[in-house]
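A.B. asks: Structure provided below as structure tokens; questions to follow.
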Amino acid sequence: MKIILSIFFSIILFQSVLISSDYKNFNYDWKFAKGNHDKAEQINFDDSDWQQVKLPHDWAIYGPFDPNGNPETAKLPWKGEGWYRKVFNVDKSLMGKKIHFLFDGVMAFPKVYINGKLAYEWDYGYNSFYFDATEFIKFGENNIISVYVDTRNHESRWYPGAGIYRKVQMVVTEQIHANIWGTFISTPLANKENADVRAFTKISNDSDSEKLILLESNLITPEGEELLIVKDTAKFIGEYEFEQWFRFQSPKLWDTENPNSYLLKSIVKLDGKAIDTVITKFGIRSFEFTSDDGIHLNGKRVKLKGVCLHQDLGPLGAAFNKRAMQRELEILKEMGINAVRTSHNVPAPELLDICDEMGILVIDEAFDKWDKKGDLLTDKDFSEWSHRNIKNFITRDRNHPSIFLWSIGNEMWDIGANKHGSFNKLVDMIGNFRRYDPTRKLTTVDADVESVKWHFYQLTDVHSWNYGRRYEPARKADPSKPVIITESASTVSTRGYYSFPLPKVKDEFYLNDSQVSSYDMNAPFWAEPAEQDFKWQEEDKFVAGEFVWTGFDYLGEPTPYNYFLTEKGIITSDQTARSSYFGIVDLCGIPKDRYYIYRSYWRPDVKTIHILPHWNWEGKEGEIIPVHVHTNADKGELFLNGKSLGMTHKQPNSEDIFERYRLMWNDVKYEPGELKVVVYKNGEYYGEEVMKTADEPYSIRLTPDRTNISADGEDLSYILIEALDKNGNLCPLAENEIKIELNGNAEIAGVGNGNPQSLESFQSNKVKLFYGKAMLIVKSLRNKNGEIDVTASSDNLKNCNVHLITN
């Protein structure tokens, strides 16, 4: 039987009409109050003066910043307690059904009360959890759900957020139903000729007697056609796992260029009637891990061009927003990435959905250390904590075709030092991973070369190492395993800022401005500039690829302006920054110069020509201002006001890593006017780029990434704000304060400018330009269509207006 695509989409759209299982959006109409409020779980507690909020919600991103606060966690007030409450009604017609609640993430140690009774509690703030709430529900009446959150025992090396920062769903099912995360699909055979698909589906019969259950599973192609139907029956009470196989020819494979997805529609039937349906998205692909030729996807080597990402979304904080994450990945994919590492925690499930859709490979990582950073308190039983968390992590994520490698955790120092029973803990943890997904490879991420002597690498499948060619001892000890650089570079820089002279060594910083030069030649002592990793990988061709630290700047961990310098008395606490300098892209999503280093290297067939620095250096006339060009051309000629400053070319065999991958004119004497570079590739003209000295700021320019957004109360438009001179040139030193006026069915979700030192609020109708640029984030209102009018103004600048539409 064939099902055309339009009919298939109707099945998805009207699923709650066709079947009894229903995942309800539970994000609206919550109330919140910070602090611990006695008896806040009780039904009659007075919350009339509490704040009305919508989930996801991060209470700490609203600030205020503390100038002397902890820079490692962004100087924001995330430590503390908070309460959430919501009134909801469960219709009397649902009596006899099962009610579950599914939380994607709560930071941290949530206790969930329903109608005054403790229904469930959890610990690890980055992991998802669900529970059966049926016994606590009053059908046909109003109910109260109260959630207590306590972050005081959570430890972090970056900003973790605080509160119910991911979505919540109420799940309504029949007594006989498919389990939440109960489907597991794998592809033991996957090539362009044949596919074998294996599906395990767990069904629960929570009624009081055995029932004969039929599971009918339909395999649906990427075009929406029904390909195969498999039916099986079992008589049981309690839980039963069906195993079903689908074998067919000429599958459409999932890969980074063509991320084809199939669907498995599993229908649970009793007495011939459909009582539950689960639709699971998956991809058909194969991975081969080799010791000398990296990783093969569907029989072809794929060089990993990856980035590490922390979970925060800049001005939005930790509160997850799908469009914000999608935008991050779009920007990074344009640069050339094909992989992401979820460093260092269980990600929001939507991140994996987006990677599936965009063809981005994923290292899915569980922990950063086994201690309070994983919410493992000293009174916890490690085995119980490990099993519970890994079960949720793996069963939630294992059907995503984008995931090619599980990571137990990052830089587990107790393993590296062989302390605290680390061997037995690791064996325990690995057993849980293998139990819930025996099909994928598994790794731990290391940084301490001394740990090789304990031979823990024998327990895992991949050598995963951070920085400095530290994979060499492990590779020597066991050359049979593949090697991945799981953190590379850690280059640090500030968008738009340049300092002179150029550093002689990577960790030579000029501390007077509390910024880092965007020549991108600086890195901490334990890391390296981007080009160093290019060179190592060219020499060590067995390396599968790299994951750059990091794709985007993130809140917290502001190396080098962190607490280490305050401990040494080099800077004061108020001189430390509140966000990182590591990103290839700044906190608001504006690319730094380094973006074009990676783009030129990772996308050799797409033209890249990028000049730096800016050319506004009043007062430095006649002084040396080095000029660098990031391009995938191999040589170029630089002109200043029409005069040639000579031809230079990349030197692939140079020991100077910058000469290998950049075009550099390091002795240019500044004079205002026009810089022009003309570049050549393989002896032929390739293109040119011009940079001009800007006059005084004259006008504002607004550039939205999208002018048409969905009226779902979640969708976003990111509007780039820039200052231009009378001739339309960007003013790279402008720092004007921009006022925002918004009219229509939208609200300001956040503002920012990418300055790691800024302590201005992200929730404001004004923002200062930082090196000529800033960002406004506009969010739609739920179910309110119409036009949105955005006006930006500033003293002595010409206003700018843009129109958006929500529908």
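Letters for chains follow the order of the structure tokens (A, B, ...), residue numbers begin at 1 for each chain, and ligand numbers begin at 1 in the order shown.
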Determine which residues of range 523-683 of chain A receive a DSSP assignment of helix (DSSP H, G or I), computed from the backbone, and state them as a PyMOL selection string.
C.D. replies: chain A and resi 530-539+563-567+573-575+594-602+657-661
A.B. asks: Write out as a list in words which residues come within 12 Å of Asn729 in chain A when counting only C-alpha atoms, dropping same-chain ones fewer than 4 positions away.
C.D. replies: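 Contacts, with the query itself left out: His614, Trp615, Asn616, Gly673, Glu674, Val690, Met691, Lys692, Thr693, Ala694, Asp695, Glu696, Pro697, Tyr698, Ser699, Ile700, Arg701, Glu722, Ala723, Leu724, Asp725, Leu733, Ala734 and Gly772 of chain A.
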A.B. asks: So which residues touch Thr491 in chain A within 6 Å, counting only C-alpha atoms, skipping near sequence neighbours fewer than 5 positions away, as a list of chain:residue names?
C.D. replies: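 Close residues of Thr491 in chain A: A:Asn522, A:Ala523, A:Pro529, A:Phe582.
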A.B. asks: Give me the residues within 9 Å of Asn36 in chain A as a list of chain:residue names, counting only C-alpha atoms and dropping any in the same chain fewer than 3 places off.
C.D. replies: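 Everything that qualifies: A:Ala33, A:Ala40, A:Gly80, A:Glu81, A:Gly82, A:Trp83, A:Tyr148, A:Val149, A:Asp150.
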A.B. asks: Please write the residues from the selection above to a file, keeping C-alpha atoms, as a tab-separated table (two decimals), in the first residue's frame.
C.D. replies:
chain	number	residue	atom	x	y	z
A	33	ALA	CA	9.70	32.94	42.55
A	40	ALA	CA	5.17	26.30	48.25
A	80	GLY	CA	20.36	29.55	44.70
A	81	GLU	CA	16.86	28.15	45.08
A	82	GLY	CA	13.67	28.71	43.16
A	83	TRP	CA	10.08	27.50	42.86
A	148	TYR	CA	11.55	23.10	43.61
A	149	VAL	CA	14.97	23.78	42.09
A	150	ASP	CA	18.24	24.04	44.02
A.B. asks: Which one is closest to Phe131 in chain A: A:Leu189, A:Asp381, A:Tyr159, A:Asn392? Count only C-alpha atoms.
C.D. replies: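 Closest candidate: A:Asn392.
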A.B. asks: Of the residues A:Asp66, A:Asp586, A:Asp705, A:Glu659, which is the one nearest to Gly754 in chain A, using only C-alpha atoms?
C.D. replies: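 Checking each candidate against Gly754 in chain A, we get A:Asp586 as the closest.
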A.B. asks: Give one line per residue of range 302-397 of chain A that approaches range 280-287 of chain A to at most 10 Å, naming the two atoms of the closest pair and their distance in Å to one decimal, counting only C-alpha atoms; sort by chain then ascending residue number and deliver it as a Markdown table.
C.D. replies:
| residue | atom | partner | partner_atom | distance |
| --- | --- | --- | --- | --- |
| A:Val302 | CA | A:Phe287 | CA | 9.9 |
| A:Asp353 | CA | A:Lys281 | CA | 9.3 |
| A:Asp356 | CA | A:Gly283 | CA | 8.2 |
A.B. asks: What are the nearest atom pairs, with distances in Å to one decimal, for all residues of range 621-711 of chain A that come at most 12 Å from range 532-556 of chain A, using only C-alpha atoms, set out by chain and rising residue number as JSON lines?
C.D. replies:
{"residue": "A:Pro652", "atom": "CA", "partner": "A:Lys535", "partner_atom": "CA", "distance": 9.3}
{"residue": "A:Asn653", "atom": "CA", "partner": "A:Lys535", "partner_atom": "CA", "distance": 9.7}
{"residue": "A:Ser654", "atom": "CA", "partner": "A:Lys535", "partner_atom": "CA", "distance": 10.2}
{"residue": "A:Glu655", "atom": "CA", "partner": "A:Lys535", "partner_atom": "CA", "distance": 9.5}
{"residue": "A:Asp656", "atom": "CA", "partner": "A:Gln532", "partner_atom": "CA", "distance": 9.3}
{"residue": "A:Ile657", "atom": "CA", "partner": "A:Gln532", "partner_atom": "CA", "distance": 6.1}
{"residue": "A:Phe658", "atom": "CA", "partner": "A:Gln532", "partner_atom": "CA", "distance": 8.5}
{"residue": "A:Glu659", "atom": "CA", "partner": "A:Gln532", "partner_atom": "CA", "distance": 11.2}
{"residue": "A:Arg660", "atom": "CA", "partner": "A:Lys535", "partner_atom": "CA", "distance": 8.6}
{"residue": "A:Tyr661", "atom": "CA", "partner": "A:Phe534", "partner_atom": "CA", "distance": 8.9}
A.B. asks: Can you list, as JSON, numbers by chain, every residue of range 141-257 of chain A that DSSP puts in strand (DSSP E)?
C.D. replies: {"A": [142, 143, 144, 145, 146, 147, 148, 149, 150, 168, 169, 170, 171, 172, 173, 176, 177, 178, 179, 180, 181, 182, 183, 184, 185, 186, 187, 188, 189, 190, 194, 195, 196, 197, 198, 199, 200, 201, 202, 203, 204, 205, 211, 212, 213, 214, 215, 216, 217, 218, 219, 220, 226, 227, 228, 229, 230, 231, 232, 233, 234, 235, 236, 238, 239, 240, 241, 242, 243, 244, 245, 246, 247, 248, 249]}
A.B. asks: From the options A:Lys592, A:Lys373, A:Lys441, A:Arg470, which residue's atoms come nearest to Tyr497 in chain A, counting only C-alpha atoms?
C.D. replies: A:Lys592
A.B. asks: For Ile584 in chain A, please output as a VMD selection string all residues within 12 Å (counting only C-alpha atoms; exclusion window: fewer than 2 positions along the same chain).
C.D. replies: chain A and resid 306 to 309 328 331 to 332 335 337 488 to 495 518 520 529 to 530 547 to 554 580 to 582 586 to 599 754
A.B. asks: Using only C-alpha atoms, which residue out of A:His387, A:Ser710, A:Glu741, A:Asn632 lies closest to Trp602 in chain A?
C.D. replies: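 Between A:His387, A:Ser710, A:Glu741, A:Asn632, the residue approaching Trp602 in chain A most closely is A:Asn632.
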A.B. asks: Ranking A:Arg398, A:Lys643, A:Arg578, A:Lys766 by minimum distance to Pro67 in chain A and counting only C-alpha atoms, which one comes first?
C.D. replies: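 Using only C-alpha atoms, Pro67 in chain A sits closest to A:Arg578.
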A.B. asks: Mind checking which residues fall within 9 Å of Asn298 in chain A, counting only C-alpha atoms, ignoring those fewer than 2 positions away in the same chain, and posting them as a PDB file with C-alpha atoms, in the first residue's frame?
C.D. replies:
ATOM      1  CA  ALA A 190      23.508  -0.368   5.450  1.00  0.00           C
ATOM      2  CA  ASN A 191      24.893   0.224   1.984  1.00  0.00           C
ATOM      3  CA  LYS A 192      23.523   1.583  -1.270  1.00  0.00           C
ATOM      4  CA  LEU A 253      21.395   6.537   2.986  1.00  0.00           C
ATOM      5  CA  TRP A 254      21.826   9.250   5.591  1.00  0.00           C
ATOM      6  CA  ASP A 255      25.051  11.209   5.213  1.00  0.00           C
ATOM      7  CA  ARG A 285      23.986   4.623   7.507  1.00  0.00           C
ATOM      8  CA  SER A 286      27.127   2.750   8.469  1.00  0.00           C
ATOM      9  CA  PHE A 287      30.278   3.857  10.248  1.00  0.00           C
ATOM     10  CA  GLU A 288      33.671   2.216  10.091  1.00  0.00           C
ATOM     11  CA  HIS A 296      34.273   6.118   7.109  1.00  0.00           C
ATOM     12  CA  LYS A 300      33.769   6.752   2.334  1.00  0.00           C
ATOM     13  CA  ARG A 301      36.189   8.608   4.589  1.00  0.00           C
TER      14      ARG A 301
END
A.B. asks: Hey, which of A:Ser207, A:Ser386, A:Asn562, A:Ser794 ends up closest to Lys425 in chain A? Count only C-alpha atoms.
C.D. replies: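 Smallest distance to Lys425 in chain A is found for A:Ser386.
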A.B. asks: Got a sec: who's within 12 Å of Tyr685 in chain A, counting only C-alpha atoms, leaving out chain neighbours fewer than 2 positions off, as a PDB file with all heavy atoms, in the first residue's frame?
C.D. replies:
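Output below, filename out_15.pdb:
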ATOM      1  N   LYS A 607      34.808  30.388  -2.576  1.00  0.00           N
ATOM      2  CA  LYS A 607      35.721  31.540  -2.538  1.00  0.00           C
ATOM      3  C   LYS A 607      35.661  32.256  -1.192  1.00  0.00           C
ATOM      4  O   LYS A 607      34.594  32.644  -0.707  1.00  0.00           O
ATOM      5  CB  LYS A 607      35.378  32.524  -3.653  1.00  0.00           C
ATOM      6  CG  LYS A 607      36.355  33.689  -3.786  1.00  0.00           C
ATOM      7  CD  LYS A 607      35.969  34.614  -4.922  1.00  0.00           C
ATOM      8  CE  LYS A 607      36.128  33.906  -6.260  1.00  0.00           C
ATOM      9  NZ  LYS A 607      35.860  34.838  -7.389  1.00  0.00           N
ATOM     10  N   ALA A 633      42.885  31.197  -1.831  1.00  0.00           N
ATOM     11  CA  ALA A 633      43.853  31.423  -2.899  1.00  0.00           C
ATOM     12  C   ALA A 633      45.245  31.153  -2.342  1.00  0.00           C
ATOM     13  O   ALA A 633      45.440  31.057  -1.123  1.00  0.00           O
ATOM     14  CB  ALA A 633      43.751  32.843  -3.428  1.00  0.00           C
ATOM     15  N   ASP A 634      46.233  31.036  -3.233  1.00  0.00           N
ATOM     16  CA  ASP A 634      47.574  30.709  -2.747  1.00  0.00           C
ATOM     17  C   ASP A 634      48.557  31.878  -2.783  1.00  0.00           C
ATOM     18  O   ASP A 634      49.619  31.803  -2.187  1.00  0.00           O
ATOM     19  CB  ASP A 634      48.167  29.519  -3.513  1.00  0.00           C
ATOM     20  CG  ASP A 634      47.932  29.598  -5.008  1.00  0.00           C
ATOM     21  OD1 ASP A 634      48.281  30.634  -5.599  1.00  0.00           O
ATOM     22  OD2 ASP A 634      47.406  28.624  -5.560  1.00  0.00           O
ATOM     23  N   LYS A 635      48.211  32.988  -3.475  1.00  0.00           N
ATOM     24  CA  LYS A 635      49.075  34.166  -3.429  1.00  0.00           C
ATOM     25  C   LYS A 635      48.246  35.413  -3.694  1.00  0.00           C
ATOM     26  O   LYS A 635      47.095  35.328  -4.158  1.00  0.00           O
ATOM     27  CB  LYS A 635      50.220  34.060  -4.425  1.00  0.00           C
ATOM     28  CG  LYS A 635      49.832  34.070  -5.889  1.00  0.00           C
ATOM     29  CD  LYS A 635      51.094  34.001  -6.752  1.00  0.00           C
ATOM     30  CE  LYS A 635      50.748  34.001  -8.251  1.00  0.00           C
ATOM     31  NZ  LYS A 635      51.977  33.974  -9.074  1.00  0.00           N
ATOM     32  N   GLY A 636      48.820  36.549  -3.364  1.00  0.00           N
ATOM     33  CA  GLY A 636      48.077  37.779  -3.543  1.00  0.00           C
ATOM     34  C   GLY A 636      48.978  38.986  -3.568  1.00  0.00           C
ATOM     35  O   GLY A 636      50.126  38.951  -3.119  1.00  0.00           O
ATOM     36  N   GLU A 637      48.435  40.083  -4.121  1.00  0.00           N
ATOM     37  CA  GLU A 637      49.136  41.363  -4.171  1.00  0.00           C
ATOM     38  C   GLU A 637      48.312  42.386  -3.410  1.00  0.00           C
ATOM     39  O   GLU A 637      47.095  42.494  -3.615  1.00  0.00           O
ATOM     40  CB  GLU A 637      49.346  41.806  -5.614  1.00  0.00           C
ATOM     41  CG  GLU A 637      50.195  43.057  -5.753  1.00  0.00           C
ATOM     42  CD  GLU A 637      50.519  43.404  -7.196  1.00  0.00           C
ATOM     43  OE1 GLU A 637      49.942  42.768  -8.107  1.00  0.00           O
ATOM     44  OE2 GLU A 637      51.357  44.305  -7.420  1.00  0.00           O
ATOM     45  N   VAL A 677      43.267  43.865  -1.889  1.00  0.00           N
ATOM     46  CA  VAL A 677      44.066  42.683  -2.154  1.00  0.00           C
ATOM     47  C   VAL A 677      43.495  41.985  -3.388  1.00  0.00           C
ATOM     48  O   VAL A 677      42.277  41.849  -3.533  1.00  0.00           O
ATOM     49  CB  VAL A 677      44.103  41.728  -0.945  1.00  0.00           C
ATOM     50  CG1 VAL A 677      42.733  41.144  -0.645  1.00  0.00           C
ATOM     51  CG2 VAL A 677      45.121  40.624  -1.150  1.00  0.00           C
ATOM     52  N   VAL A 678      44.392  41.608  -4.289  1.00  0.00           N
ATOM     53  CA  VAL A 678      44.045  40.827  -5.466  1.00  0.00           C
ATOM     54  C   VAL A 678      44.714  39.475  -5.312  1.00  0.00           C
ATOM     55  O   VAL A 678      45.939  39.399  -5.127  1.00  0.00           O
ATOM     56  CB  VAL A 678      44.506  41.511  -6.769  1.00  0.00           C
ATOM     57  CG1 VAL A 678      44.098  40.668  -7.983  1.00  0.00           C
ATOM     58  CG2 VAL A 678      43.925  42.907  -6.880  1.00  0.00           C
ATOM     59  N   VAL A 679      43.911  38.388  -5.340  1.00  0.00           N
ATOM     60  CA  VAL A 679      44.464  37.071  -5.044  1.00  0.00           C
ATOM     61  C   VAL A 679      44.387  36.164  -6.275  1.00  0.00           C
ATOM     62  O   VAL A 679      43.535  36.334  -7.160  1.00  0.00           O
ATOM     63  CB  VAL A 679      43.750  36.414  -3.842  1.00  0.00           C
ATOM     64  CG1 VAL A 679      43.971  37.237  -2.580  1.00  0.00           C
ATOM     65  CG2 VAL A 679      42.266  36.228  -4.106  1.00  0.00           C
ATOM     66  N   TYR A 680      45.280  35.173  -6.268  1.00  0.00           N
ATOM     67  CA  TYR A 680      45.428  34.250  -7.397  1.00  0.00           C
ATOM     68  C   TYR A 680      45.464  32.823  -6.866  1.00  0.00           C
ATOM     69  O   TYR A 680      46.001  32.548  -5.793  1.00  0.00           O
ATOM     70  CB  TYR A 680      46.716  34.552  -8.160  1.00  0.00           C
ATOM     71  CG  TYR A 680      46.775  35.973  -8.684  1.00  0.00           C
ATOM     72  CD1 TYR A 680      47.234  37.009  -7.872  1.00  0.00           C
ATOM     73  CD2 TYR A 680      46.366  36.276  -9.974  1.00  0.00           C
ATOM     74  CE1 TYR A 680      47.267  38.314  -8.330  1.00  0.00           C
ATOM     75  CE2 TYR A 680      46.397  37.582 -10.454  1.00  0.00           C
ATOM     76  CZ  TYR A 680      46.846  38.600  -9.620  1.00  0.00           C
ATOM     77  OH  TYR A 680      46.881  39.891 -10.088  1.00  0.00           O
ATOM     78  N   LYS A 681      44.878  31.928  -7.670  1.00  0.00           N
ATOM     79  CA  LYS A 681      44.852  30.514  -7.313  1.00  0.00           C
ATOM     80  C   LYS A 681      45.293  29.697  -8.522  1.00  0.00           C
ATOM     81  O   LYS A 681      44.738  29.851  -9.611  1.00  0.00           O
ATOM     82  CB  LYS A 681      43.437  30.100  -6.868  1.00  0.00           C
ATOM     83  CG  LYS A 681      43.351  28.719  -6.253  1.00  0.00           C
ATOM     84  CD  LYS A 681      41.947  28.479  -5.677  1.00  0.00           C
ATOM     85  CE  LYS A 681      41.861  27.152  -4.953  1.00  0.00           C
ATOM     86  NZ  LYS A 681      40.511  26.933  -4.364  1.00  0.00           N
ATOM     87  N   ASN A 682      46.290  28.877  -8.278  1.00  0.00           N
ATOM     88  CA  ASN A 682      46.846  28.054  -9.360  1.00  0.00           C
ATOM     89  C   ASN A 682      47.274  28.911 -10.547  1.00  0.00           C
ATOM     90  O   ASN A 682      47.101  28.537 -11.712  1.00  0.00           O
ATOM     91  CB  ASN A 682      45.843  26.993  -9.809  1.00  0.00           C
ATOM     92  CG  ASN A 682      45.466  26.045  -8.692  1.00  0.00           C
ATOM     93  OD1 ASN A 682      46.303  25.687  -7.860  1.00  0.00           O
ATOM     94  ND2 ASN A 682      44.200  25.646  -8.647  1.00  0.00           N
ATOM     95  N   GLY A 683      47.834  30.089 -10.241  1.00  0.00           N
ATOM     96  CA  GLY A 683      48.370  30.967 -11.269  1.00  0.00           C
ATOM     97  C   GLY A 683      47.353  31.840 -11.974  1.00  0.00           C
ATOM     98  O   GLY A 683      47.723  32.633 -12.846  1.00  0.00           O
ATOM     99  N   GLY A 687      40.160  36.609  -7.355  1.00  0.00           N
ATOM    100  CA  GLY A 687      39.229  37.593  -6.827  1.00  0.00           C
ATOM    101  C   GLY A 687      39.948  38.701  -6.099  1.00  0.00           C
ATOM    102  O   GLY A 687      41.185  38.736  -6.027  1.00  0.00           O
ATOM    103  N   GLU A 688      39.192  39.645  -5.554  1.00  0.00           N
ATOM    104  CA  GLU A 688      39.785  40.758  -4.824  1.00  0.00           C
ATOM    105  C   GLU A 688      38.827  41.238  -3.742  1.00  0.00           C
ATOM    106  O   GLU A 688      37.627  40.962  -3.773  1.00  0.00           O
ATOM    107  CB  GLU A 688      40.140  41.896  -5.762  1.00  0.00           C
ATOM    108  CG  GLU A 688      38.991  42.412  -6.609  1.00  0.00           C
ATOM    109  CD  GLU A 688      39.489  43.364  -7.693  1.00  0.00           C
ATOM    110  OE1 GLU A 688      40.132  42.895  -8.650  1.00  0.00           O
ATOM    111  OE2 GLU A 688      39.218  44.580  -7.546  1.00  0.00           O
TER     112      GLU A 688
END
A.B. asks: Hey, can you check how far CA of Trp465 in chain A sits from CA of Met412 in chain A?
C.D. replies: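 CA of Met412 in chain A lies at a distance of 11.8 Å from CA of Trp465 in chain A.
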A.B. asks: Can you build me a table of range 207-257 of chain A residues sitting at most 9 Å from range 261-268 of chain A, with the closest atom pair per residue and its distance in Å to one decimal, using only C-alpha atoms, sorted by chain and residue number, as a tab-separated table?
C.D. replies:
residue	atom	partner	partner_atom	distance
A:Ile213	CA	A:Val268	CA	7.0
A:Leu214	CA	A:Val268	CA	6.0
A:Leu215	CA	A:Val268	CA	4.9
A:Glu216	CA	A:Ile267	CA	5.1
A:Ser217	CA	A:Ser266	CA	4.2
A:Asn218	CA	A:Lys265	CA	5.0
A:Leu219	CA	A:Leu264	CA	4.8
A:Ile220	CA	A:Leu263	CA	5.0
A:Thr221	CA	A:Tyr262	CA	5.0
A:Pro222	CA	A:Tyr262	CA	5.2
A:Glu223	CA	A:Tyr262	CA	8.6
A:Gly224	CA	A:Tyr262	CA	8.4
A:Lys252	CA	A:Ser261	CA	8.2
A:Leu253	CA	A:Ser261	CA	8.1
A:Trp254	CA	A:Ser261	CA	6.6
